[in-house]
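A.B. asks: File name data20.cif; file contents mmCIF, C-alpha atoms; full text below.
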data_final
loop_
_atom_site.group_PDB
_atom_site.id
_atom_site.type_symbol
_atom_site.label_atom_id
_atom_site.label_comp_id
_atom_site.auth_asym_id
_atom_site.auth_seq_id
_atom_site.Cartn_x
_atom_site.Cartn_y
_atom_site.Cartn_z
ATOM 1 C CA LEU A 1 135.631 129.995 112.007
ATOM 2 C CA ASP A 2 138.493 131.811 113.717
ATOM 3 C CA PHE A 3 139.354 133.551 110.432
ATOM 4 C CA VAL A 4 135.706 134.492 109.785
ATOM 5 C CA GLN A 5 135.269 135.889 113.274
ATOM 6 C CA ARG A 6 138.631 137.683 113.384
ATOM 7 C CA HIS A 7 137.974 139.504 110.107
ATOM 8 C CA ASP A 8 134.236 140.038 110.722
ATOM 9 C CA LEU A 9 133.274 138.150 107.566
ATOM 10 C CA LEU A 10 130.041 136.569 108.776
ATOM 11 C CA SER A 11 127.929 139.255 107.143
ATOM 12 C CA LEU A 12 129.352 138.214 103.759
ATOM 13 C CA CYS A 13 127.235 135.059 104.056
ATOM 14 C CA VAL A 14 124.268 137.326 103.383
ATOM 15 C CA GLU A 15 124.015 139.848 100.561
ATOM 16 C CA LYS A 16 122.200 143.024 101.627
ATOM 17 C CA THR A 17 120.455 144.884 98.815
ATOM 18 C CA GLU A 18 118.405 148.028 99.070
ATOM 19 C CA GLY A 19 115.104 147.344 100.757
ATOM 20 C CA THR A 20 115.592 143.547 100.933
ATOM 21 C CA HIS A 21 118.059 140.924 102.162
ATOM 22 C CA GLU A 22 118.831 138.166 99.696
ATOM 23 C CA THR A 23 121.142 135.239 100.330
ATOM 24 C CA ARG A 24 123.684 134.609 97.590
ATOM 25 C CA ASP A 25 124.500 131.046 96.602
ATOM 26 C CA THR A 26 128.122 131.499 97.701
ATOM 27 C CA GLY A 27 127.113 133.002 101.035
ATOM 28 C CA ARG A 28 124.560 130.271 101.610
ATOM 29 C CA ASP A 29 127.155 127.624 100.887
ATOM 30 C CA THR A 30 129.620 129.329 103.258
ATOM 31 C CA LEU A 31 127.046 129.435 106.032
ATOM 32 C CA ALA A 32 126.213 125.779 105.474
ATOM 33 C CA ARG A 33 129.896 124.873 105.774
ATOM 34 C CA LEU A 34 130.299 126.979 108.925
ATOM 35 C CA ALA A 35 127.264 125.284 110.452
ATOM 36 C CA ARG A 36 128.639 121.832 109.653
ATOM 37 C CA LEU A 37 132.039 122.693 111.132
ATOM 38 C CA ASP A 38 130.803 123.929 114.503
ATOM 39 C CA PRO A 39 127.035 124.446 114.894
ATOM 40 C CA GLY A 40 127.286 125.914 118.382
ATOM 41 C CA ARG A 41 129.937 128.461 117.543
ATOM 42 C CA ALA A 42 128.312 129.435 114.246
ATOM 43 C CA SER A 43 125.001 130.062 115.987
ATOM 44 C CA ARG A 44 126.700 132.113 118.723
ATOM 45 C CA MET A 45 128.412 134.228 116.055
ATOM 46 C CA LEU A 46 125.028 134.922 114.464
ATOM 47 C CA VAL A 47 123.529 135.765 117.846
ATOM 48 C CA SER A 48 126.395 138.151 118.585
ATOM 49 C CA SER A 49 125.918 139.750 115.189
ATOM 50 C CA ARG A 50 122.242 140.353 115.989
ATOM 51 C CA ALA A 51 123.290 142.626 118.876
ATOM 52 C CA ASP A 52 125.277 144.866 116.517
ATOM 53 C CA SER A 53 122.691 147.390 115.362
ATOM 54 C CA ALA A 54 125.000 148.965 112.752
ATOM 55 C CA HIS A 55 126.412 145.895 111.015
ATOM 56 C CA GLY A 56 124.450 143.029 112.487
ATOM 57 C CA ILE A 57 122.441 140.442 110.585
ATOM 58 C CA PRO A 58 118.700 140.848 111.312
ATOM 59 C CA VAL A 59 116.878 137.880 112.805
ATOM 60 C CA ASP A 60 114.707 137.171 109.763
ATOM 61 C CA VAL A 61 117.753 137.269 107.492
ATOM 62 C CA ALA A 62 119.747 134.953 109.763
ATOM 63 C CA VAL A 63 116.912 132.435 110.036
ATOM 64 C CA ARG A 64 116.211 132.496 106.302
ATOM 65 C CA SER A 65 119.916 132.020 105.618
ATOM 66 C CA LEU A 66 120.112 129.105 108.043
ATOM 67 C CA MET A 67 117.006 127.514 106.528
ATOM 68 C CA ASP A 68 118.560 127.921 103.086
ATOM 69 C CA ALA A 69 121.720 126.281 104.438
ATOM 70 C CA VAL A 70 119.634 123.342 105.696
ATOM 71 C CA ARG A 71 117.982 122.998 102.288
ATOM 72 C CA LEU A 72 121.380 123.134 100.619
ATOM 73 C CA ALA A 73 122.985 120.609 102.970
ATOM 74 C CA ASP A 74 120.454 118.900 105.242
ATOM 75 C CA THR A 75 122.931 117.588 107.784
ATOM 76 C CA ARG A 76 122.831 117.324 111.546
ATOM 77 C CA GLY A 77 125.223 120.289 111.759
ATOM 78 C CA THR A 78 123.096 122.688 109.709
ATOM 79 C CA ARG A 79 119.897 121.663 111.526
ATOM 80 C CA GLU A 80 121.598 122.009 114.905
ATOM 81 C CA CYS A 81 122.893 125.478 114.027
ATOM 82 C CA LEU A 82 119.354 126.556 113.093
ATOM 83 C CA HIS A 83 118.019 125.036 116.311
ATOM 84 C CA LEU A 84 120.611 126.697 118.539
ATOM 85 C CA TYR A 85 120.011 130.093 116.957
ATOM 86 C CA LEU A 86 116.228 129.840 117.341
ATOM 87 C CA ARG A 87 116.646 128.478 120.859
ATOM 88 C CA GLU A 88 118.766 131.477 121.814
ATOM 89 C CA LEU A 89 116.213 133.785 120.228
ATOM 90 C CA PHE A 90 113.365 132.112 122.139
ATOM 91 C CA ASP A 91 115.226 132.415 125.439
ATOM 92 C CA ALA A 92 115.775 136.122 124.809
ATOM 93 C CA ASP A 93 112.292 136.940 123.472
ATOM 94 C CA GLN A 94 109.583 134.295 123.241
ATOM 95 C CA ASP A 95 107.516 136.326 120.770
ATOM 96 C CA ALA A 96 110.290 137.415 118.400
ATOM 97 C CA GLY A 97 110.476 134.083 116.584
ATOM 98 C CA GLU A 98 106.838 133.022 116.818
ATOM 99 C CA ARG A 99 106.615 132.388 113.072
ATOM 100 C CA TRP A 100 109.253 129.648 113.461
ATOM 101 C CA HIS A 101 107.789 127.893 116.509
ATOM 102 C CA ASP A 102 106.400 125.083 114.337
ATOM 103 C CA ALA A 103 109.879 124.320 113.046
ATOM 104 C CA GLN A 104 111.308 124.505 116.549
ATOM 105 C CA VAL A 105 109.170 121.634 117.832
ATOM 106 C CA SER A 106 110.940 119.074 115.654
ATOM 107 C CA LEU A 107 114.312 120.742 116.280
ATOM 108 C CA TYR A 108 113.889 120.575 120.064
ATOM 109 C CA ALA A 109 112.732 116.961 119.723
ATOM 110 C CA GLU A 110 115.929 116.146 117.832
ATOM 111 C CA PHE A 111 118.532 118.136 119.786
ATOM 112 C CA HIS A 112 117.118 119.061 123.229
ATOM 113 C CA PRO A 113 114.129 116.791 123.941
ATOM 114 C CA ASN A 114 114.482 117.474 127.676
ATOM 115 C CA GLU A 115 113.632 121.142 126.968
ATOM 116 C CA LEU A 116 110.707 120.478 124.641
ATOM 117 C CA LEU A 117 108.001 120.301 127.311
ATOM 118 C CA HIS A 118 108.912 123.770 128.593
ATOM 119 C CA PHE A 119 108.859 125.062 125.023
ATOM 120 C CA LEU A 120 105.411 123.549 124.409
ATOM 121 C CA GLU A 121 104.095 125.068 127.622
ATOM 122 C CA THR A 122 105.316 128.578 126.835
ATOM 123 C CA ALA A 123 105.404 128.978 123.027
ATOM 124 C CA LEU A 124 102.309 130.170 121.188
ATOM 125 C CA GLY A 125 103.138 129.825 117.522
ATOM 126 C CA TYR A 126 103.063 126.069 116.902
ATOM 127 C CA ASP A 127 100.323 123.809 115.610
ATOM 128 C CA VAL A 128 99.256 121.415 118.372
ATOM 129 C CA SER A 129 98.292 118.545 116.052
ATOM 130 C CA SER A 130 101.603 118.743 114.208
ATOM 131 C CA ALA A 131 103.517 118.905 117.496
ATOM 132 C CA LEU A 132 101.587 115.876 118.777
ATOM 133 C CA ALA A 133 102.526 113.904 115.655
ATOM 134 C CA THR A 134 106.198 114.794 116.194
ATOM 135 C CA CYS A 135 106.135 113.760 119.859
ATOM 136 C CA THR A 136 104.329 110.523 119.035
ATOM 137 C CA ALA A 137 106.888 109.639 116.366
ATOM 138 C CA ARG A 138 109.751 110.429 118.765
ATOM 139 C CA GLY A 139 108.225 108.532 121.708
ATOM 140 C CA LEU A 140 108.134 111.647 123.924
ATOM 141 C CA LEU A 141 105.497 110.582 126.426
ATOM 142 C CA LYS A 142 105.197 113.516 128.845
ATOM 143 C CA GLU A 143 105.045 115.889 125.914
ATOM 144 C CA ARG A 144 102.274 113.766 124.386
ATOM 145 C CA VAL A 145 100.323 113.940 127.629
ATOM 146 C CA TYR A 146 100.549 117.726 127.678
ATOM 147 C CA LEU A 147 99.422 118.065 124.065
ATOM 148 C CA LEU A 148 96.641 115.497 124.426
ATOM 149 C CA ALA A 149 95.327 117.505 127.365
ATOM 150 C CA ARG A 150 95.496 120.633 125.204
ATOM 151 C CA ILE A 151 93.159 119.076 122.640
ATOM 152 C CA GLY A 152 90.919 117.567 125.323
ATOM 153 C CA ASP A 153 91.793 113.920 124.709
ATOM 154 C CA VAL A 154 91.935 112.984 128.396
ATOM 155 C CA PRO A 155 91.367 109.209 127.915
ATOM 156 C CA THR A 156 94.364 108.862 125.597
ATOM 157 C CA ALA A 157 96.451 111.036 127.924
ATOM 158 C CA LEU A 158 95.646 108.637 130.776
ATOM 159 C CA ASP A 159 96.547 105.668 128.542
ATOM 160 C CA VAL A 160 99.980 107.237 127.963
ATOM 161 C CA ILE A 161 100.512 108.078 131.642
ATOM 162 C CA ILE A 162 99.534 104.675 132.986
ATOM 163 C CA GLY A 163 100.355 102.333 130.122
ATOM 164 C CA GLY A 164 103.367 104.216 128.769
ATOM 165 C CA LEU A 165 104.933 105.996 131.717
ATOM 166 C CA GLY A 166 103.681 103.514 134.320
ATOM 167 C CA ASP A 167 103.063 106.356 136.769
ATOM 168 C CA ALA A 168 99.868 106.070 138.808
ATOM 169 C CA LYS A 169 100.720 109.066 140.981
ATOM 170 C CA PHE A 170 101.114 111.231 137.893
ATOM 171 C CA ALA A 171 97.742 109.911 136.665
ATOM 172 C CA ALA A 172 96.101 110.986 139.929
ATOM 173 C CA ARG A 173 97.668 114.462 139.750
ATOM 174 C CA PHE A 174 96.675 114.775 136.101
ATOM 175 C CA ALA A 175 93.056 113.803 136.817
ATOM 176 C CA ARG A 176 92.877 116.114 139.851
ATOM 177 C CA ASP A 177 94.271 119.086 137.914
ATOM 178 C CA HIS A 178 92.036 118.376 134.925
ATOM 179 C CA LEU A 179 88.953 118.305 137.144
ATOM 180 C CA LYS A 180 89.950 121.580 138.779
ATOM 181 C CA SER A 181 90.289 123.160 135.349
ATOM 182 C CA PHE A 182 86.993 121.606 134.283
ATOM 183 C CA HIS A 183 85.180 123.051 137.295
ATOM 184 C CA ASP A 184 86.836 126.453 136.900
ATOM 185 C CA GLU A 185 85.826 126.706 133.256
ATOM 186 C CA SER A 186 82.392 125.172 133.636
ATOM 187 C CA ASP A 187 79.443 127.537 133.436
ATOM 188 C CA LEU A 188 76.736 125.083 134.469
ATOM 189 C CA GLY A 189 73.458 126.184 136.027
ATOM 190 C CA ASP A 190 71.829 124.882 139.197
ATOM 191 C CA ASP A 191 69.893 122.256 137.246
ATOM 192 C CA ASP A 192 73.163 120.638 136.174
ATOM 193 C CA ASP A 193 74.787 120.464 139.593
ATOM 194 C CA GLU A 194 75.136 116.680 139.363
ATOM 195 C CA THR A 195 76.952 116.773 136.022
ATOM 196 C CA PRO A 196 80.415 117.775 137.323
ATOM 197 C CA GLY A 197 80.170 115.079 140.000
ATOM 198 C CA LYS A 198 79.189 112.473 137.432
ATOM 199 C CA TYR A 199 82.051 113.484 135.149
ATOM 200 C CA ALA A 200 84.518 113.330 138.051
ATOM 201 C CA ASP A 201 83.297 109.881 139.046
ATOM 202 C CA GLU A 202 83.662 108.617 135.474
ATOM 203 C CA LEU A 203 87.149 110.098 135.227
ATOM 204 C CA TRP A 204 88.344 108.492 138.461
ATOM 205 C CA GLU A 205 86.762 105.202 137.400
ATOM 206 C CA GLY A 206 88.761 105.443 134.189
ATOM 207 C CA VAL A 207 91.973 105.996 136.133
ATOM 208 C CA ILE A 208 91.265 103.082 138.460
ATOM 209 C CA THR A 209 90.293 100.758 135.594
ATOM 210 C CA ARG A 210 93.467 101.513 133.669
ATOM 211 C CA VAL A 211 95.633 100.966 136.743
ATOM 212 C CA THR A 212 94.035 97.648 137.650
ATOM 213 C CA GLU A 213 94.261 96.447 134.033
ATOM 214 C CA CYS A 214 98.006 97.138 134.083
ATOM 215 C CA ALA A 215 98.507 95.768 137.587
ATOM 216 C CA GLY A 216 99.370 92.262 136.410
ATOM 217 C CA SER A 217 102.572 93.438 134.735
ATOM 218 C CA ASN A 218 103.116 96.468 136.971
ATOM 219 C CA PRO A 219 101.743 95.614 140.436
ATOM 220 C CA HIS A 220 103.150 98.673 142.224
ATOM 221 C CA LEU A 221 100.632 100.831 140.344
ATOM 222 C CA VAL A 222 97.834 99.767 142.679
ATOM 223 C CA GLY A 223 99.618 100.806 145.853
ATOM 224 C CA ASP A 224 100.861 104.010 144.242
ATOM 225 C CA LEU A 225 97.356 104.989 143.181
ATOM 226 C CA MET A 226 95.934 104.216 146.622
ATOM 227 C CA ASP A 227 98.601 106.439 148.158
ATOM 228 C CA ALA A 228 97.829 109.233 145.704
ATOM 229 C CA LEU A 229 94.064 109.007 146.197
ATOM 230 C CA GLY A 230 94.550 109.377 149.924
ATOM 231 C CA GLU A 231 95.305 113.035 149.192
ATOM 232 C CA VAL A 232 92.312 113.569 146.879
ATOM 233 C CA ASP A 233 89.044 114.729 148.391
ATOM 234 C CA GLY A 234 85.978 112.702 147.541
ATOM 235 C CA VAL A 235 87.707 109.574 146.213
ATOM 236 C CA ASP A 236 87.887 106.479 148.399
ATOM 237 C CA PRO A 237 91.204 104.637 147.836
ATOM 238 C CA ARG A 238 89.419 101.386 148.654
ATOM 239 C CA ARG A 239 87.789 101.615 145.216
ATOM 240 C CA VAL A 240 91.167 100.649 143.794
ATOM 241 C CA LEU A 241 91.505 97.661 146.083
ATOM 242 C CA ARG A 242 88.037 96.407 145.217
ATOM 243 C CA SER A 243 88.901 96.488 141.511
ATOM 244 C CA ALA A 244 92.426 95.100 141.809
ATOM 245 C CA PRO A 245 93.191 91.525 140.701
ATOM 246 C CA ARG A 246 93.388 88.994 143.486
ATOM 247 C CA GLY A 247 96.810 88.489 144.970
ATOM 248 C CA ILE A 248 98.165 91.983 144.166
ATOM 249 C CA ASP A 249 100.548 93.126 146.886
ATOM 250 C CA VAL A 250 99.570 96.569 148.178
ATOM 251 C CA SER A 251 101.577 96.379 151.389
ATOM 252 C CA GLY A 252 103.569 99.454 150.366
ATOM 253 C CA ALA A 253 100.481 101.614 150.212
ATOM 254 C CA GLY A 254 100.385 104.151 152.995
#
Represent the supplied structure as C-alpha coordinates.
C.D. replies:
Amino acid sequence: LDFVQRHDLLSLCVEKTEGTHETRDTGRDTLARLARLDPGRASRMLVSSRADSAHGIPVDVAVRSLMDAVRLADTRGTRECLHLYLRELFDADQDAGERWHDAQVSLYAEFHPNELLHFLETALGYDVSSALATCTARGLLKERVYLLARIGDVPTALDVIIGGLGDAKFAARFARDHLKSFHDESDLGDDDDETPGKYADELWEGVITRVTECAGSNPHLVGDLMDALGEVDGVDPRRVLRSAPRGIDVSGAG
(Lines of atoms letter the chains of each structure in order from A and count residues from 1; the text may use other names and numbers.)
(Lines give C-alpha, C1' and ligand atoms only; values in the text may rest on other atoms or scores of the structure.)
Protein backbone atom coordinates (compact mmCIF):
# COMPACT_ATOMS: atom_id res chain seq x y z
CA LEU A 1 0.00 0.00 0.00
CA ASP A 2 2.86 2.38 0.76
CA PHE A 3 4.36 1.68 -2.68
CA VAL A 4 0.99 2.16 -4.42
CA GLN A 5 0.33 5.42 -2.63
CA ARG A 6 3.87 6.78 -3.01
CA HIS A 7 3.89 6.21 -6.77
CA ASP A 8 0.22 7.14 -7.30
CA LEU A 9 -0.61 3.75 -8.80
CA LEU A 10 -4.16 3.37 -7.50
CA SER A 11 -5.65 4.55 -10.78
CA LEU A 12 -3.99 1.59 -12.51
CA CYS A 13 -6.55 -0.63 -10.77
CA VAL A 14 -9.06 0.84 -13.21
CA GLU A 15 -8.60 1.09 -16.97
CA LYS A 16 -10.06 4.31 -18.39
CA THR A 17 -11.17 4.10 -22.01
CA GLU A 18 -12.77 6.80 -24.09
CA GLY A 19 -16.31 7.42 -22.97
CA THR A 20 -16.40 4.53 -20.46
CA HIS A 21 -14.50 3.14 -17.47
CA GLU A 22 -13.83 -0.58 -17.58
CA THR A 23 -12.05 -2.57 -14.90
CA ARG A 24 -9.31 -4.85 -16.18
CA ASP A 25 -8.89 -8.29 -14.65
CA THR A 26 -5.40 -7.38 -13.40
CA GLY A 27 -6.59 -4.11 -11.90
CA ARG A 28 -9.56 -5.80 -10.28
CA ASP A 29 -7.30 -8.42 -8.77
CA THR A 30 -4.92 -5.71 -7.50
CA LEU A 31 -7.78 -3.82 -5.89
CA ALA A 32 -9.05 -7.01 -4.27
CA ARG A 33 -5.60 -7.67 -2.81
CA LEU A 34 -5.29 -4.08 -1.56
CA ALA A 35 -8.70 -4.36 0.09
CA ARG A 36 -7.74 -7.61 1.80
CA LEU A 37 -4.46 -6.15 3.06
CA ASP A 38 -5.91 -3.05 4.70
CA PRO A 39 -9.59 -2.26 4.00
CA GLY A 40 -9.56 1.04 5.87
CA ARG A 41 -6.49 2.42 4.17
CA ALA A 42 -7.54 1.21 0.73
CA SER A 43 -10.92 2.90 1.09
CA ARG A 44 -9.30 6.14 2.29
CA MET A 45 -6.99 6.09 -0.74
CA LEU A 46 -10.02 5.77 -3.01
CA VAL A 47 -11.78 8.58 -1.17
CA SER A 48 -8.72 10.81 -1.51
CA SER A 49 -8.54 9.98 -5.20
CA ARG A 50 -12.17 11.08 -5.62
CA ALA A 51 -11.17 14.61 -4.55
CA ASP A 52 -8.61 14.84 -7.36
CA SER A 53 -10.65 16.21 -10.26
CA ALA A 54 -7.84 15.75 -12.81
CA HIS A 55 -6.67 12.21 -12.05
CA GLY A 56 -9.19 10.94 -9.54
CA ILE A 57 -11.30 7.81 -9.83
CA PRO A 58 -15.00 8.71 -10.20
CA VAL A 59 -17.40 7.37 -7.59
CA ASP A 60 -19.26 5.01 -9.92
CA VAL A 61 -15.97 3.57 -11.18
CA ALA A 62 -14.62 3.09 -7.66
CA VAL A 63 -17.80 1.38 -6.45
CA ARG A 64 -18.02 -0.85 -9.52
CA SER A 65 -14.36 -1.79 -9.08
CA LEU A 66 -14.88 -2.58 -5.40
CA MET A 67 -17.97 -4.66 -6.19
CA ASP A 68 -15.97 -6.52 -8.83
CA ALA A 69 -13.26 -7.09 -6.21
CA VAL A 70 -15.88 -8.54 -3.84
CA ARG A 71 -17.14 -10.86 -6.59
CA LEU A 72 -13.57 -11.91 -7.34
CA ALA A 73 -12.65 -12.50 -3.70
CA ASP A 74 -15.65 -12.34 -1.37
CA THR A 75 -13.72 -11.89 1.85
CA ARG A 76 -14.32 -9.77 4.92
CA GLY A 77 -11.57 -7.40 3.74
CA THR A 78 -13.07 -6.70 0.31
CA ARG A 79 -16.58 -6.27 1.74
CA GLU A 80 -15.27 -3.97 4.47
CA CYS A 81 -13.40 -1.84 1.94
CA LEU A 82 -16.61 -1.44 -0.09
CA HIS A 83 -18.53 -0.59 3.08
CA LEU A 84 -16.02 1.99 4.29
CA TYR A 85 -15.94 3.70 0.91
CA LEU A 86 -19.74 3.88 0.66
CA ARG A 87 -19.95 4.97 4.29
CA GLU A 88 -17.56 7.84 3.62
CA LEU A 89 -19.54 8.76 0.52
CA PHE A 90 -22.81 8.73 2.49
CA ASP A 91 -21.35 10.94 5.21
CA ALA A 92 -20.20 13.44 2.59
CA ASP A 93 -23.34 13.39 0.42
CA GLN A 94 -26.35 11.27 1.33
CA ASP A 95 -27.79 11.41 -2.19
CA ALA A 96 -24.62 10.70 -4.18
CA GLY A 97 -24.69 6.95 -3.55
CA GLU A 98 -28.44 6.40 -3.39
CA ARG A 99 -28.29 3.59 -5.96
CA TRP A 100 -26.14 1.59 -3.52
CA HIS A 101 -28.20 2.14 -0.37
CA ASP A 102 -29.70 -1.35 -0.62
CA ALA A 103 -26.23 -2.88 -0.52
CA GLN A 104 -25.23 -0.62 2.35
CA VAL A 105 -27.89 -2.00 4.68
CA SER A 106 -26.25 -5.43 4.86
CA LEU A 107 -22.78 -3.85 4.96
CA TYR A 108 -23.68 -1.63 7.92
CA ALA A 109 -25.29 -4.64 9.62
CA GLU A 110 -22.04 -6.56 9.23
CA PHE A 111 -19.44 -3.89 10.03
CA HIS A 112 -21.12 -0.98 11.89
CA PRO A 113 -24.46 -2.21 13.26
CA ASN A 114 -24.48 0.62 15.81
CA GLU A 115 -24.70 3.09 12.90
CA LEU A 116 -27.39 1.24 10.95
CA LEU A 117 -30.40 2.85 12.63
CA HIS A 118 -29.17 6.33 11.71
CA PHE A 119 -28.60 5.14 8.14
CA LEU A 120 -32.12 3.70 7.94
CA GLU A 121 -33.59 6.93 9.28
CA THR A 122 -31.80 9.15 6.78
CA ALA A 123 -31.19 7.11 3.60
CA LEU A 124 -33.83 7.02 0.88
CA GLY A 125 -32.62 4.46 -1.60
CA TYR A 126 -33.15 1.13 0.16
CA ASP A 127 -36.00 -1.35 0.02
CA VAL A 128 -37.73 -1.48 3.41
CA SER A 129 -38.80 -5.14 3.16
CA SER A 130 -35.29 -6.24 2.22
CA ALA A 131 -33.79 -4.15 5.02
CA LEU A 132 -36.28 -5.67 7.49
CA ALA A 133 -35.25 -9.18 6.42
CA THR A 134 -31.58 -8.28 6.98
CA CYS A 135 -32.24 -6.83 10.44
CA THR A 136 -34.38 -9.81 11.42
CA ALA A 137 -31.66 -12.25 10.35
CA ARG A 138 -29.03 -10.25 12.26
CA GLY A 139 -31.16 -9.87 15.41
CA LEU A 140 -31.08 -6.05 15.24
CA LEU A 141 -34.13 -5.24 17.34
CA LYS A 142 -34.30 -1.43 17.39
CA GLU A 143 -33.75 -1.37 13.66
CA ARG A 144 -36.59 -3.88 13.24
CA VAL A 145 -38.88 -1.67 15.30
CA TYR A 146 -38.13 1.32 13.09
CA LEU A 147 -38.74 -0.60 9.88
CA LEU A 148 -41.88 -2.29 11.19
CA ALA A 149 -43.25 1.15 12.02
CA ARG A 150 -42.37 2.26 8.49
CA ILE A 151 -44.57 -0.46 7.01
CA GLY A 152 -47.32 0.09 9.59
CA ASP A 153 -46.90 -3.18 11.47
CA VAL A 154 -47.35 -1.64 14.92
CA PRO A 155 -48.38 -4.89 16.72
CA THR A 156 -45.21 -6.70 15.68
CA ALA A 157 -43.13 -3.63 16.56
CA LEU A 158 -44.62 -3.72 20.07
CA ASP A 159 -43.88 -7.47 20.29
CA VAL A 160 -40.21 -6.72 19.53
CA ILE A 161 -40.02 -3.81 21.98
CA ILE A 162 -41.63 -5.61 24.89
CA GLY A 163 -40.81 -9.25 24.23
CA GLY A 164 -37.41 -8.72 22.60
CA LEU A 165 -35.98 -5.55 24.11
CA GLY A 166 -37.89 -5.85 27.39
CA ASP A 167 -38.39 -2.08 27.47
CA ALA A 168 -41.82 -0.93 28.63
CA LYS A 169 -40.82 2.73 28.67
CA PHE A 170 -39.75 2.51 25.04
CA ALA A 171 -43.10 0.84 24.26
CA ALA A 172 -44.96 3.76 25.85
CA ARG A 173 -42.90 6.32 23.91
CA PHE A 174 -43.39 4.35 20.70
CA ALA A 175 -47.17 4.16 21.18
CA ARG A 176 -47.39 7.86 22.11
CA ASP A 177 -45.36 8.94 19.07
CA HIS A 178 -47.29 6.62 16.76
CA LEU A 179 -50.60 8.05 17.96
CA LYS A 180 -49.35 11.59 17.44
CA SER A 181 -48.37 10.70 13.89
CA PHE A 182 -51.70 8.94 13.39
CA HIS A 183 -53.65 12.01 14.52
CA ASP A 184 -51.49 14.37 12.47
CA GLU A 185 -52.00 12.36 9.30
CA SER A 186 -55.63 11.51 9.89
CA ASP A 187 -58.17 13.35 7.77
CA LEU A 188 -61.30 12.16 9.55
CA GLY A 189 -64.56 14.11 9.49
CA ASP A 190 -66.73 15.11 12.44
CA ASP A 191 -68.77 11.91 12.15
CA ASP A 192 -65.65 9.86 12.89
CA ASP A 193 -64.50 11.77 15.95
CA GLU A 194 -64.67 8.65 18.12
CA THR A 195 -62.46 6.59 15.80
CA PRO A 196 -59.08 8.05 16.85
CA GLY A 197 -60.03 7.60 20.50
CA LYS A 198 -61.05 4.00 19.90
CA TYR A 199 -57.82 3.28 18.04
CA ALA A 200 -55.77 4.86 20.84
CA ASP A 201 -57.58 2.81 23.47
CA GLU A 202 -56.97 -0.40 21.52
CA LEU A 203 -53.30 0.48 21.08
CA TRP A 204 -52.75 1.18 24.78
CA GLU A 205 -54.64 -2.01 25.65
CA GLY A 206 -52.25 -3.87 23.38
CA VAL A 207 -49.26 -2.35 25.15
CA ILE A 208 -50.65 -3.18 28.58
CA THR A 209 -51.58 -6.74 27.57
CA ARG A 210 -48.12 -7.45 26.21
CA VAL A 211 -46.45 -6.06 29.33
CA THR A 212 -48.60 -8.05 31.73
CA GLU A 213 -48.11 -11.24 29.69
CA CYS A 214 -44.34 -10.80 30.00
CA ALA A 215 -44.47 -9.73 33.64
CA GLY A 216 -43.98 -13.24 35.00
CA SER A 217 -40.46 -13.47 33.58
CA ASN A 218 -39.77 -9.73 33.59
CA PRO A 219 -41.66 -8.21 36.54
CA HIS A 220 -40.07 -4.75 36.35
CA LEU A 221 -42.00 -4.12 33.12
CA VAL A 222 -45.19 -3.42 35.06
CA GLY A 223 -43.68 -0.70 37.23
CA ASP A 224 -41.81 0.77 34.28
CA LEU A 225 -44.98 1.01 32.22
CA MET A 226 -46.91 2.58 35.09
CA ASP A 227 -44.16 5.18 35.44
CA ALA A 228 -44.22 5.89 31.71
CA LEU A 229 -48.01 6.15 31.53
CA GLY A 230 -47.94 8.73 34.29
CA GLU A 231 -46.59 11.12 31.66
CA VAL A 232 -49.17 10.22 28.99
CA ASP A 233 -52.40 12.19 28.87
CA GLY A 234 -55.59 10.18 28.86
CA VAL A 235 -54.18 6.84 30.03
CA ASP A 236 -54.71 5.75 33.63
CA PRO A 237 -51.64 3.84 34.91
CA ARG A 238 -53.96 1.85 37.18
CA ARG A 239 -55.10 -0.03 34.07
CA VAL A 240 -51.75 -1.79 34.17
CA LEU A 241 -52.12 -2.74 37.81
CA ARG A 242 -55.60 -4.13 37.25
CA SER A 243 -54.29 -6.39 34.48
CA ALA A 244 -51.06 -7.42 36.20
CA PRO A 245 -50.68 -10.94 37.64
CA ARG A 246 -51.19 -11.22 41.36
CA GLY A 247 -48.08 -10.82 43.45
CA ILE A 248 -46.15 -8.62 40.97
CA ASP A 249 -43.98 -6.13 42.83
CA VAL A 250 -44.61 -2.59 41.58
CA SER A 251 -43.06 -0.83 44.56
CA GLY A 252 -40.54 0.88 42.28
CA ALA A 253 -43.25 2.59 40.29
CA GLY A 254 -43.33 6.31 40.90
A.B. asks: Find the residues near Val207 (chain A): any atom within 12 Å, counting only C-alpha atoms, skip ones fewer than 6 places away on the same chain, and give them as number ranges by chain.
C.D. replies: A: 154-163, 167-176, 200-201, 213-214, 221-222, 225-226, 228-229, 235, 237, 239-240, 243
A.B. asks: Could you state which residues are captured by the PyMOL selection byres ((chain A and resi 130) around 12) in this file, as a PyMOL selection string?
C.D. replies: chain A and resi 101-106+120+125-129+131-137+144+147-148+151
A.B. asks: Can you tell me which residues surround Leu89 (chain A) at a distance of at most 12 Å, considering all atoms listed in the file, apart from same-chain residues fewer than 5 positions away, and format the answer as a list in words?
C.D. replies: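 Counting only the stated atoms, we get Ser43, Arg44, Leu46, Val47, Ser48, Arg50, Ala51, Pro58, Val59, Asp60, Ala62, Val63, Leu82, His83, Leu84, Gln94, Asp95, Ala96, Gly97, Glu98, Trp100, His101 and Gln104 of chain A.
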A.B. asks: Go through A:Leu72, A:Ala244, A:Leu107, A:Val232 one by one, measure the shortest atom-to-atom distance of each to Arg210 (chain A) using all atoms listed in the file, and give the residue with the smallest value.
C.D. replies: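 Nearest candidate to Arg210 (chain A) out of A:Leu72, A:Ala244, A:Leu107, A:Val232: A:Ala244.
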A.B. asks: Quick one, how far is CA of Asp93 (chain A) from CA of Leu124 (chain A)?
C.D. replies: 12.3 Å
A.B. asks: What separation in Å, quoted to one decimal, exists between CA of Asp233 (chain A) and CA of Glu185 (chain A)?
C.D. replies: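 So the two atoms, CA of Asp233 (chain A) and CA of Glu185 (chain A), lie 19.6 Å apart.
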A.B. asks: Which is closest to His112 (chain A) among A:Leu37, A:Leu203, A:Leu140, A:Met45, if we use only C-alpha atoms?
C.D. replies: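 So, comparing all the options, the nearest one is A:Leu140.
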A.B. asks: The centre and edge lengths of an axis-aligned box containing all atoms of region 124-129 of chain A present in the file, extended by 6 Å on each side, are to be given in Å to one decimal, as lines of an AutoDock Vina configuration file.
C.D. replies:
center_x = 100.7
center_y = 124.4
center_z = 118.4
size_x = 16.8
size_y = 23.6
size_z = 17.6
A.B. asks: Work out how far CA of Arg64 (chain A) is from CA of Glu115 (chain A), in Å to one decimal.
C.D. replies: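 Straight-line distance from CA of Glu115 (chain A) to CA of Arg64 (chain A) works out to 23.7 Å.
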A.B. asks: Return the single residue from A:Pro219, A:Gly40, A:Asp153, A:Arg238 that is closest to Glu88 (chain A), with distances computed using all atoms listed in the file.
C.D. replies: A:Gly40
